[in-house]
file input_23.tsv (TSV, C-alpha atoms and all ligand atoms)
chain	number	residue	atom	x	y	z
A	221	MET	CA	0.00	0.00	0.00
A	222	THR	CA	1.42	3.42	-0.89
A	223	LYS	CA	0.35	6.82	0.29
A	224	ILE	CA	1.69	10.33	0.10
A	225	LYS	CA	1.41	12.12	3.43
A	226	SER	CA	3.48	15.23	2.69
A	227	ILE	CA	4.27	17.10	-0.50
A	228	CYS	CA	6.97	19.74	-0.68
A	229	VAL	CA	6.05	22.65	-2.93
A	230	TYR	CA	8.81	24.76	-4.50
A	231	CYS	CA	7.62	28.06	-5.95
A	232	GLY	CA	8.38	31.71	-6.49
A	233	ALA	CA	8.59	34.26	-3.68
A	234	SER	CA	7.75	37.24	-5.91
A	235	ASP	CA	4.41	39.05	-5.56
A	236	ASP	CA	4.98	40.89	-8.81
A	237	VAL	CA	3.79	38.09	-11.10
A	238	LEU	CA	0.68	37.42	-13.20
A	239	PRO	CA	-2.38	36.78	-11.02
A	240	GLY	CA	-2.92	33.41	-12.72
A	241	TYR	CA	0.22	32.06	-11.04
A	242	ILE	CA	-0.99	33.14	-7.61
A	243	LYS	CA	-4.37	31.55	-8.34
A	244	LEU	CA	-2.74	28.27	-9.35
A	245	ALA	CA	-0.74	28.25	-6.09
A	246	GLU	CA	-3.98	28.78	-4.13
A	247	GLU	CA	-5.72	25.98	-6.02
A	248	LEU	CA	-2.84	23.64	-5.24
A	249	GLY	CA	-2.95	24.58	-1.55
A	250	ARG	CA	-6.69	23.86	-1.40
A	251	ASP	CA	-6.32	20.54	-3.27
A	252	LEU	CA	-3.58	19.38	-0.90
A	253	ALA	CA	-5.79	20.21	2.08
A	254	LYS	CA	-8.79	18.47	0.52
A	255	ARG	CA	-6.75	15.32	-0.02
A	256	ASP	CA	-5.36	15.43	3.52
A	257	ILE	CA	-1.80	15.90	2.30
A	258	ARG	CA	0.50	18.12	4.35
A	259	LEU	CA	2.12	21.02	2.55
A	260	VAL	CA	5.84	21.43	3.27
A	261	TYR	CA	7.28	24.69	1.94
A	262	GLY	CA	9.80	27.46	2.50
A	263	GLY	CA	7.77	29.22	5.19
A	264	GLY	CA	7.25	32.59	3.52
A	265	GLY	CA	4.15	34.75	3.37
A	266	VAL	CA	5.00	36.28	0.01
A	267	GLY	CA	4.44	35.34	-3.63
A	268	LEU	CA	3.20	31.90	-4.63
A	269	MET	CA	4.65	30.52	-1.39
A	270	GLY	CA	2.35	32.59	0.78
A	271	ALA	CA	-0.64	32.07	-1.52
A	272	CYS	CA	-0.30	28.29	-1.46
A	273	ALA	CA	0.24	28.11	2.32
A	274	ARG	CA	-2.65	30.48	3.18
A	275	ALA	CA	-5.05	28.59	0.91
A	276	ALA	CA	-4.06	25.22	2.41
A	277	HIS	CA	-4.36	26.58	5.96
A	278	GLU	CA	-7.73	28.25	5.29
A	279	ALA	CA	-8.99	24.93	3.89
A	280	ALA	CA	-7.95	23.27	7.19
A	281	GLY	CA	-4.88	21.55	5.73
A	282	ASP	CA	-1.64	20.82	7.58
A	283	VAL	CA	1.23	23.12	6.64
A	284	LEU	CA	4.89	23.10	7.67
A	285	GLY	CA	7.05	26.09	6.76
A	286	ILE	CA	10.85	25.99	7.03
A	287	MET	CA	12.65	29.32	6.97
A	288	PRO	CA	16.28	30.32	7.44
A	289	ARG	CA	16.71	33.02	10.09
A	290	PHE	CA	18.25	35.60	7.73
A	291	LEU	CA	15.16	35.55	5.47
A	292	LEU	CA	12.57	35.96	8.24
A	293	SER	CA	11.70	39.56	7.43
A	294	LYS	CA	12.42	39.48	3.68
A	295	GLU	CA	10.15	36.51	2.98
A	296	ARG	CA	7.78	37.49	5.82
A	297	ILE	CA	7.37	34.18	7.63
A	298	TYR	CA	3.76	32.98	7.75
A	299	GLU	CA	3.24	32.47	11.47
A	300	ASP	CA	-0.30	31.03	11.46
A	301	VAL	CA	1.01	27.56	10.54
A	302	GLU	CA	3.62	25.25	12.05
A	303	HIS	CA	7.02	26.70	11.20
A	304	ARG	CA	10.66	25.99	11.95
A	305	ILE	CA	13.43	28.52	11.87
A	306	VAL	CA	16.78	27.11	10.78
A	307	ASP	CA	20.30	28.48	10.48
A	308	ASP	CA	20.90	28.42	6.73
A	309	MET	CA	19.66	27.53	3.25
A	310	HIS	CA	21.24	24.08	3.26
A	311	THR	CA	19.45	23.12	6.48
A	312	ARG	CA	16.19	24.44	5.05
A	313	LYS	CA	16.50	22.40	1.87
A	314	GLN	CA	17.57	19.24	3.71
A	315	MET	CA	14.63	19.52	6.13
A	316	MET	CA	12.14	20.20	3.34
A	317	TYR	CA	13.45	17.10	1.56
A	318	GLU	CA	13.33	14.88	4.66
A	319	GLU	CA	9.81	15.98	5.65
A	320	SER	CA	8.32	15.17	2.23
A	321	ASP	CA	7.34	12.10	0.21
A	322	ALA	CA	7.14	13.92	-3.12
A	323	PHE	CA	7.62	17.36	-4.72
A	324	ILE	CA	5.62	19.80	-6.83
A	325	VAL	CA	7.32	22.67	-8.63
A	326	LEU	CA	5.13	25.69	-9.38
A	327	PRO	CA	6.36	28.62	-11.47
A	328	GLY	CA	9.24	30.38	-9.79
A	329	GLY	CA	12.63	32.00	-10.18
A	330	ILE	CA	16.22	30.99	-9.63
A	331	GLY	CA	15.54	29.74	-6.08
A	332	THR	CA	12.72	27.46	-7.24
A	333	LEU	CA	14.83	26.16	-10.10
A	334	GLU	CA	17.80	25.50	-7.84
A	335	GLU	CA	15.72	23.56	-5.33
A	336	ALA	CA	14.01	21.46	-8.03
A	337	VAL	CA	17.21	20.66	-9.89
A	338	GLU	CA	18.98	19.63	-6.70
A	339	ILE	CA	16.24	17.10	-5.92
A	340	LEU	CA	16.33	15.80	-9.52
A	341	SER	CA	20.11	15.47	-9.33
A	342	TRP	CA	19.85	13.46	-6.10
A	343	ALA	CA	17.32	11.17	-7.85
A	344	ARG	CA	19.74	10.82	-10.78
A	345	LEU	CA	22.45	9.74	-8.30
A	346	GLY	CA	20.09	7.15	-6.83
A	347	LEU	CA	20.00	8.87	-3.44
A	348	HIS	CA	16.20	8.81	-3.29
A	349	ALA	CA	13.12	7.72	-5.24
A	350	LYS	CA	10.75	10.52	-4.26
A	351	PRO	CA	8.82	11.71	-7.33
A	352	MET	CA	8.55	15.29	-8.60
A	353	ALA	CA	5.99	17.02	-10.84
A	354	PHE	CA	6.30	20.43	-12.49
A	355	LEU	CA	2.94	22.22	-12.47
A	356	ASP	CA	1.85	25.10	-14.69
A	357	GLU	CA	-1.19	25.98	-16.81
A	358	ASP	CA	0.56	27.95	-19.53
A	359	GLY	CA	3.69	25.95	-20.31
A	360	PHE	CA	5.83	28.09	-17.97
A	361	TRP	CA	8.21	25.15	-17.47
A	362	SER	CA	8.30	24.05	-21.15
A	363	PRO	CA	11.74	25.65	-21.78
A	364	PHE	CA	13.10	23.59	-18.88
A	365	PHE	CA	11.69	20.41	-20.43
A	366	GLU	CA	13.22	21.42	-23.80
A	367	LEU	CA	16.57	21.88	-22.06
A	368	MET	CA	16.28	18.41	-20.51
A	369	GLU	CA	15.52	16.92	-23.98
A	370	HIS	CA	18.64	18.70	-25.29
A	371	ILE	CA	20.69	17.22	-22.45
A	372	ILE	CA	19.27	13.74	-23.06
A	373	ASP	CA	19.86	14.06	-26.84
A	374	GLY	CA	23.49	14.90	-26.04
A	375	LYS	CA	23.69	11.68	-23.99
A	376	PHE	CA	24.64	13.56	-20.82
A	377	THR	CA	21.64	12.04	-19.06
A	378	PRO	CA	20.14	8.64	-20.00
A	379	GLU	CA	16.78	8.33	-21.76
A	380	SER	CA	15.47	6.48	-18.73
A	381	PHE	CA	15.65	9.76	-16.77
A	382	ARG	CA	12.69	11.03	-18.82
A	383	ALA	CA	10.43	8.99	-16.54
A	384	SER	CA	11.43	11.31	-13.66
A	385	LEU	CA	10.25	14.38	-15.55
A	386	VAL	CA	6.52	14.94	-14.99
A	387	HIS	CA	4.79	18.03	-16.41
A	388	SER	CA	1.15	18.61	-15.33
A	389	ASP	CA	-1.31	21.40	-16.03
A	390	THR	CA	-3.67	21.04	-13.06
A	391	PRO	CA	-3.03	20.42	-9.36
A	392	LYS	CA	-5.15	17.27	-9.53
A	393	LYS	CA	-3.09	15.80	-12.39
A	394	ALA	CA	0.15	16.68	-10.60
A	395	ILE	CA	-0.93	15.04	-7.33
A	396	ASP	CA	-2.34	11.99	-9.17
A	397	ALA	CA	0.92	11.59	-11.12
A	398	LEU	CA	2.88	11.62	-7.87
A	399	MET	CA	0.49	9.11	-6.30
A	400	ASP	CA	1.17	6.75	-9.23
A	401	LYS	CA	4.92	6.98	-8.76
A	402	VAL	CA	5.51	7.18	-5.06
A	403	ILE	CA	6.85	4.28	-3.00
A	404	VAL	CA	6.19	4.97	0.67
A	405	LEU	CA	5.72	2.37	3.35
A	406	ASP	CA	2.72	3.14	5.56
A	407	SER	CA	3.67	3.44	9.21
A	501	LIG	P1	12.53	32.27	-6.17
A	501	LIG	O1	12.09	31.14	-7.04
A	501	LIG	O2	13.85	32.85	-6.59
A	501	LIG	O3	11.47	33.29	-5.96
A	501	LIG	O4	12.84	31.63	-4.74
A	501	LIG	C1	11.88	30.78	-4.17
A	501	LIG	C2	12.33	30.36	-2.81
A	501	LIG	O5	13.55	29.63	-2.92
A	501	LIG	C3	12.61	31.50	-1.84
A	501	LIG	O6	12.05	31.15	-0.59
A	501	LIG	C4	14.12	31.50	-1.71
A	501	LIG	O7	14.52	31.90	-0.42
A	501	LIG	C5	14.43	30.04	-1.90
A	501	LIG	N1	15.80	29.81	-2.29
A	501	LIG	C6	16.55	30.52	-3.16
A	501	LIG	N2	17.79	30.00	-3.27
A	501	LIG	C7	17.82	28.95	-2.41
A	501	LIG	C8	18.83	28.00	-2.01
A	501	LIG	N3	20.05	28.02	-2.55
A	501	LIG	N4	18.49	27.09	-1.09
A	501	LIG	C9	17.26	27.05	-0.56
A	501	LIG	N5	16.27	27.89	-0.88
A	501	LIG	C10	16.56	28.84	-1.79
call {"tool": "encode", "arguments": {"input": "input_23.tsv", "output": "structure tokens"}}
result
Amino acid sequence: MTKIKSICVYCGASDDVLPGYIKLAEELGRDLAKRDIRLVYGGGGVGLMGACARAAHEAAGDVLGIMPRFLLSKERIYEDVEHRIVDDMHTRKQMMYEESDAFIVLPGGIGTLEEAVEILSWARLGLHAKPMAFLDEDGFWSPFFELMEHIIDGKFTPESFRASLVHSDTPKKAIDALMDKVIVLDS
């Protein structure tokens, strides 16, 4: 029997983005709550991060935010949910990884990309088998998928890695795709 209990969401911290991205983050937060899946995220109250966490919390979902001390005021920690304050970025990323069974990547900037690629690279090294889905409605992540095809065509990454690259256009499809792939032993 497999079940996802926690999903880590990586996403942008900017508020200055198209409203559709904020809406998608809210939809994802609500869907996670509805399916009784805990949201693990970077702890901020800004951008897609804040939108997703507030929506999950308002829909009575479990949320865990993990924030490095130096970003507390910049990313305006969302204090209404369980949160942990850690010393640095590496601790934050490690804790987000350990607390989650799977990952969803919403539109975001360099921080989002860095977090997602690190998890993919750990999967490539065989360090874990936790699945990841990229979620957008407008093909935001398509250039990343094109880059991965380019890398696979150049034989820098094997064709088999394609199976790790999931691209979904609704929260439901993203969560369902992760459910199909995850291997978690029920406690
Ligand atoms: P961005 O996608 O650039 O808006 O960043 C999204 C989130 O990723 C923000 O909470 C950043 O603090 C976080 N972030 C950026 N770089 C890193 C990093 N190297 N390690 C962990 N989190 C990061």
call {"tool": "closest_residue", "arguments": {"input": "input_23.tsv", "among": "A:Gly270, A:Pro351, A:Pro288, A:Gly331", "to": "ligand LIG 501 (chain A)", "atoms": "all atoms listed in the file"}}
result
A:Gly331
call {"tool": "residues_around", "arguments": {"input": "input_23.tsv", "residues": "Arg344 (chain A)", "least_positions_apart": "5", "cutoff": "12 Å", "atoms": "only C-alpha atoms", "output": "PDB file with C-alpha atoms, keeping the file's coordinate frame"}}
result
ATOM      1  CA  VAL A 337      17.210  20.660  -9.890  1.00  0.00           C
ATOM      2  CA  GLU A 338      18.980  19.630  -6.700  1.00  0.00           C
ATOM      3  CA  ILE A 339      16.240  17.100  -5.920  1.00  0.00           C
ATOM      4  CA  ALA A 349      13.120   7.720  -5.240  1.00  0.00           C
ATOM      5  CA  LYS A 350      10.750  10.520  -4.260  1.00  0.00           C
ATOM      6  CA  PRO A 351       8.820  11.710  -7.330  1.00  0.00           C
ATOM      7  CA  PHE A 376      24.640  13.560 -20.820  1.00  0.00           C
ATOM      8  CA  THR A 377      21.640  12.040 -19.060  1.00  0.00           C
ATOM      9  CA  PRO A 378      20.140   8.640 -20.000  1.00  0.00           C
ATOM     10  CA  GLU A 379      16.780   8.330 -21.760  1.00  0.00           C
ATOM     11  CA  SER A 380      15.470   6.480 -18.730  1.00  0.00           C
ATOM     12  CA  PHE A 381      15.650   9.760 -16.770  1.00  0.00           C
ATOM     13  CA  ARG A 382      12.690  11.030 -18.820  1.00  0.00           C
ATOM     14  CA  ALA A 383      10.430   8.990 -16.540  1.00  0.00           C
ATOM     15  CA  SER A 384      11.430  11.310 -13.660  1.00  0.00           C
ATOM     16  CA  LEU A 385      10.250  14.380 -15.550  1.00  0.00           C
TER      17      LEU A 385
END
call {"tool": "closest_atom_pairs", "arguments": {"input": "input_23.tsv", "of": "chain A", "to": "ligand LIG 501 (chain A)", "cutoff": "8 Å", "atoms": "all atoms listed in the file", "output": "tab-separated table"}}
result
residue	atom	partner	partner_atom	distance
A:Tyr230	CA	A:LIG501	C1	6.8
A:Cys231	CA	A:LIG501	C1	5.4
A:Gly232	CA	A:LIG501	O3	3.5
A:Ala233	CA	A:LIG501	O3	3.8
A:Ser234	CA	A:LIG501	O3	5.4
A:Gly262	CA	A:LIG501	O6	5.3
A:Gly263	CA	A:LIG501	O6	7.4
A:Gly264	CA	A:LIG501	O6	6.5
A:Gly267	CA	A:LIG501	O3	7.7
A:Met269	CA	A:LIG501	O6	7.5
A:Met287	CA	A:LIG501	O6	7.8
A:Leu291	CA	A:LIG501	O7	7.0
A:Glu295	CA	A:LIG501	O6	6.7
A:Met309	CA	A:LIG501	N4	4.5
A:His310	CA	A:LIG501	N4	6.0
A:Arg312	CA	A:LIG501	C9	6.3
A:Lys313	CA	A:LIG501	C9	5.3
A:Pro327	CA	A:LIG501	O1	7.7
A:Gly328	CA	A:LIG501	O1	4.0
A:Gly329	CA	A:LIG501	O1	3.3
A:Ile330	CA	A:LIG501	O2	4.3
A:Gly331	CA	A:LIG501	C6	3.2
A:Thr332	CA	A:LIG501	O1	3.7
A:Leu333	CA	A:LIG501	O1	6.5
A:Glu334	CA	A:LIG501	N3	6.3
A:Glu335	CA	A:LIG501	C9	6.1
call {"tool": "write_last_selection", "arguments": {"input": "input_23.tsv", "atoms": "C-alpha atoms", "output": "CSV table (one decimal), in the coordinates of the input"}}
result
chain,number,residue,atom,x,y,z
A,230,TYR,CA,8.8,24.8,-4.5
A,231,CYS,CA,7.6,28.1,-6.0
A,232,GLY,CA,8.4,31.7,-6.5
A,233,ALA,CA,8.6,34.3,-3.7
A,234,SER,CA,7.8,37.2,-5.9
A,262,GLY,CA,9.8,27.5,2.5
A,263,GLY,CA,7.8,29.2,5.2
A,264,GLY,CA,7.2,32.6,3.5
A,267,GLY,CA,4.4,35.3,-3.6
A,269,MET,CA,4.6,30.5,-1.4
A,287,MET,CA,12.6,29.3,7.0
A,291,LEU,CA,15.2,35.6,5.5
A,295,GLU,CA,10.2,36.5,3.0
A,309,MET,CA,19.7,27.5,3.2
A,310,HIS,CA,21.2,24.1,3.3
A,312,ARG,CA,16.2,24.4,5.0
A,313,LYS,CA,16.5,22.4,1.9
A,327,PRO,CA,6.4,28.6,-11.5
A,328,GLY,CA,9.2,30.4,-9.8
A,329,GLY,CA,12.6,32.0,-10.2
A,330,ILE,CA,16.2,31.0,-9.6
A,331,GLY,CA,15.5,29.7,-6.1
A,332,THR,CA,12.7,27.5,-7.2
A,333,LEU,CA,14.8,26.2,-10.1
A,334,GLU,CA,17.8,25.5,-7.8
A,335,GLU,CA,15.7,23.6,-5.3
call {"tool": "atom_distance", "arguments": {"input": "input_23.tsv", "atom1": "CA of Glu357 (chain A)", "atom2": "CA of Ser388 (chain A)"}}
result
7.9 Å
call {"tool": "closest_residue", "arguments": {"input": "input_23.tsv", "among": "A:Val260, A:Cys272, A:Tyr317, A:Lys294", "to": "Trp342 (chain A)", "atoms": "all atoms listed in the file"}}
result
A:Tyr317
call {"tool": "residues_around", "arguments": {"input": "input_23.tsv", "residues": "Phe323 (chain A)", "least_positions_apart": "5", "cutoff": "10 Å", "atoms": "only C-alpha atoms", "output": "PyMOL selection string"}}
result
chain A and resi 226-230+259-261+316-317+336+339+350-354+394-395+398
call {"tool": "atom_distance", "arguments": {"input": "input_23.tsv", "atom1": "CA of Pro363 (chain A)", "atom2": "CA of Gly240 (chain A)"}}
result
18.9 Å
call {"tool": "axis_aligned_box", "arguments": {"input": "input_23.tsv", "around": "region 292-305 of chain A", "padding_each_side": "6 Å", "output": "AutoDock Vina command-line options"}}
result
--center_x 6.6 --center_y 32.4 --center_z 7.5 --size_x 25.7 --size_y 26.3 --size_z 21.1
call {"tool": "closest_residue", "arguments": {"input": "input_23.tsv", "among": "A:Asp307, A:Asp256, A:Glu302, A:Asp373", "to": "Ile224 (chain A)", "atoms": "only C-alpha atoms"}}
result
A:Asp256
call {"tool": "closest_residue", "arguments": {"input": "input_23.tsv", "among": "A:Glu319, A:Asp251, A:Glu246, A:Asp236", "to": "Gly281 (chain A)", "atoms": "all atoms listed in the file"}}
result
A:Asp251
call {"tool": "atom_distance", "arguments": {"input": "input_23.tsv", "atom1": "CA of Arg250 (chain A)", "atom2": "CA of Arg289 (chain A)"}}
result
27.6 Å
call {"tool": "closest_residue", "arguments": {"input": "input_23.tsv", "among": "A:Ala280, A:Leu355, A:Leu345, A:Leu252", "to": "Val325 (chain A)", "atoms": "all atoms listed in the file"}}
result
A:Leu355
call {"tool": "closest_residue", "arguments": {"input": "input_23.tsv", "among": "A:Ala322, A:Val301, A:Ile372, A:Leu367", "to": "His277 (chain A)", "atoms": "all atoms listed in the file"}}
result
A:Val301
call {"tool": "residues_around", "arguments": {"input": "input_23.tsv", "residues": "Gly249 (chain A)", "least_positions_apart": "4", "cutoff": "8 Å", "atoms": "all atoms listed in the file", "output": "list in words"}}
result
Ala245, Ala253, Leu259, Ala271, Cys272, Ala273, Arg274, Ala275, Ala276 and His277 of chain A
call {"tool": "decode", "arguments": {"input": "input_23.tsv", "residues": "region 360-379 of chain A", "atoms": "N, CA, C and O atoms", "output": "PDB file, in the first residue's frame"}}
result
ATOM      1  N   PHE A 360       4.729  27.331 -18.573  1.00  0.00           N
ATOM      2  CA  PHE A 360       5.831  28.087 -17.971  1.00  0.00           C
ATOM      3  C   PHE A 360       7.120  27.270 -17.944  1.00  0.00           C
ATOM      4  O   PHE A 360       8.211  27.793 -18.205  1.00  0.00           O
ATOM      5  N   TRP A 361       7.007  25.984 -17.620  1.00  0.00           N
ATOM      6  CA  TRP A 361       8.214  25.154 -17.473  1.00  0.00           C
ATOM      7  C   TRP A 361       8.645  24.479 -18.779  1.00  0.00           C
ATOM      8  O   TRP A 361       9.624  23.716 -18.783  1.00  0.00           O
ATOM      9  N   SER A 362       7.942  24.735 -19.892  1.00  0.00           N
ATOM     10  CA  SER A 362       8.303  24.049 -21.153  1.00  0.00           C
ATOM     11  C   SER A 362       9.763  24.266 -21.553  1.00  0.00           C
ATOM     12  O   SER A 362      10.425  23.321 -22.001  1.00  0.00           O
ATOM     13  N   PRO A 363      10.320  25.494 -21.413  1.00  0.00           N
ATOM     14  CA  PRO A 363      11.744  25.649 -21.778  1.00  0.00           C
ATOM     15  C   PRO A 363      12.665  24.753 -20.950  1.00  0.00           C
ATOM     16  O   PRO A 363      13.695  24.277 -21.456  1.00  0.00           O
ATOM     17  N   PHE A 364      12.289  24.501 -19.696  1.00  0.00           N
ATOM     18  CA  PHE A 364      13.104  23.593 -18.881  1.00  0.00           C
ATOM     19  C   PHE A 364      13.033  22.166 -19.448  1.00  0.00           C
ATOM     20  O   PHE A 364      14.057  21.468 -19.530  1.00  0.00           O
ATOM     21  N   PHE A 365      11.828  21.763 -19.862  1.00  0.00           N
ATOM     22  CA  PHE A 365      11.687  20.413 -20.428  1.00  0.00           C
ATOM     23  C   PHE A 365      12.434  20.311 -21.760  1.00  0.00           C
ATOM     24  O   PHE A 365      13.013  19.268 -22.074  1.00  0.00           O
ATOM     25  N   GLU A 366      12.438  21.410 -22.540  1.00  0.00           N
ATOM     26  CA  GLU A 366      13.217  21.418 -23.795  1.00  0.00           C
ATOM     27  C   GLU A 366      14.714  21.280 -23.493  1.00  0.00           C
ATOM     28  O   GLU A 366      15.437  20.554 -24.172  1.00  0.00           O
ATOM     29  N   LEU A 367      15.157  21.975 -22.446  1.00  0.00           N
ATOM     30  CA  LEU A 367      16.571  21.876 -22.055  1.00  0.00           C
ATOM     31  C   LEU A 367      16.916  20.437 -21.662  1.00  0.00           C
ATOM     32  O   LEU A 367      17.971  19.911 -22.054  1.00  0.00           O
ATOM     33  N   MET A 368      16.012  19.798 -20.922  1.00  0.00           N
ATOM     34  CA  MET A 368      16.280  18.411 -20.510  1.00  0.00           C
ATOM     35  C   MET A 368      16.342  17.488 -21.728  1.00  0.00           C
ATOM     36  O   MET A 368      17.174  16.579 -21.786  1.00  0.00           O
ATOM     37  N   GLU A 369      15.463  17.727 -22.744  1.00  0.00           N
ATOM     38  CA  GLU A 369      15.525  16.924 -23.982  1.00  0.00           C
ATOM     39  C   GLU A 369      16.878  17.123 -24.665  1.00  0.00           C
ATOM     40  O   GLU A 369      17.484  16.170 -25.163  1.00  0.00           O
ATOM     41  N   HIS A 370      17.339  18.366 -24.683  1.00  0.00           N
ATOM     42  CA  HIS A 370      18.635  18.699 -25.288  1.00  0.00           C
ATOM     43  C   HIS A 370      19.764  17.946 -24.570  1.00  0.00           C
ATOM     44  O   HIS A 370      20.682  17.399 -25.193  1.00  0.00           O
ATOM     45  N   ILE A 371      19.672  17.904 -23.252  1.00  0.00           N
ATOM     46  CA  ILE A 371      20.695  17.221 -22.453  1.00  0.00           C
ATOM     47  C   ILE A 371      20.648  15.714 -22.697  1.00  0.00           C
ATOM     48  O   ILE A 371      21.690  15.056 -22.847  1.00  0.00           O
ATOM     49  N   ILE A 372      19.419  15.179 -22.796  1.00  0.00           N
ATOM     50  CA  ILE A 372      19.266  13.736 -23.059  1.00  0.00           C
ATOM     51  C   ILE A 372      19.742  13.412 -24.476  1.00  0.00           C
ATOM     52  O   ILE A 372      20.454  12.427 -24.692  1.00  0.00           O
ATOM     53  N   ASP A 373      19.384  14.267 -25.452  1.00  0.00           N
ATOM     54  CA  ASP A 373      19.857  14.060 -26.839  1.00  0.00           C
ATOM     55  C   ASP A 373      21.387  14.032 -26.909  1.00  0.00           C
ATOM     56  O   ASP A 373      21.972  13.300 -27.695  1.00  0.00           O
ATOM     57  N   GLY A 374      22.022  14.855 -26.068  1.00  0.00           N
ATOM     58  CA  GLY A 374      23.490  14.901 -26.043  1.00  0.00           C
ATOM     59  C   GLY A 374      24.105  13.770 -25.244  1.00  0.00           C
ATOM     60  O   GLY A 374      25.323  13.726 -25.065  1.00  0.00           O
ATOM     61  N   LYS A 375      23.243  12.872 -24.745  1.00  0.00           N
ATOM     62  CA  LYS A 375      23.686  11.675 -23.988  1.00  0.00           C
ATOM     63  C   LYS A 375      24.390  12.022 -22.671  1.00  0.00           C
ATOM     64  O   LYS A 375      25.201  11.244 -22.170  1.00  0.00           O
ATOM     65  N   PHE A 376      24.073  13.213 -22.127  1.00  0.00           N
ATOM     66  CA  PHE A 376      24.637  13.559 -20.819  1.00  0.00           C
ATOM     67  C   PHE A 376      23.797  12.970 -19.692  1.00  0.00           C
ATOM     68  O   PHE A 376      24.257  12.851 -18.564  1.00  0.00           O
ATOM     69  N   THR A 377      22.560  12.675 -20.006  1.00  0.00           N
ATOM     70  CA  THR A 377      21.640  12.038 -19.058  1.00  0.00           C
ATOM     71  C   THR A 377      20.925  10.936 -19.830  1.00  0.00           C
ATOM     72  O   THR A 377      20.551  11.151 -20.991  1.00  0.00           O
ATOM     73  N   PRO A 378      20.754   9.748 -19.232  1.00  0.00           N
ATOM     74  CA  PRO A 378      20.140   8.642 -19.999  1.00  0.00           C
ATOM     75  C   PRO A 378      18.660   8.876 -20.292  1.00  0.00           C
ATOM     76  O   PRO A 378      17.972   9.572 -19.553  1.00  0.00           O
ATOM     77  N   GLU A 379      18.196   8.234 -21.366  1.00  0.00           N
ATOM     78  CA  GLU A 379      16.781   8.332 -21.763  1.00  0.00           C
ATOM     79  C   GLU A 379      15.863   7.931 -20.611  1.00  0.00           C
ATOM     80  O   GLU A 379      14.770   8.466 -20.463  1.00  0.00           O
TER      81      GLU A 379
END
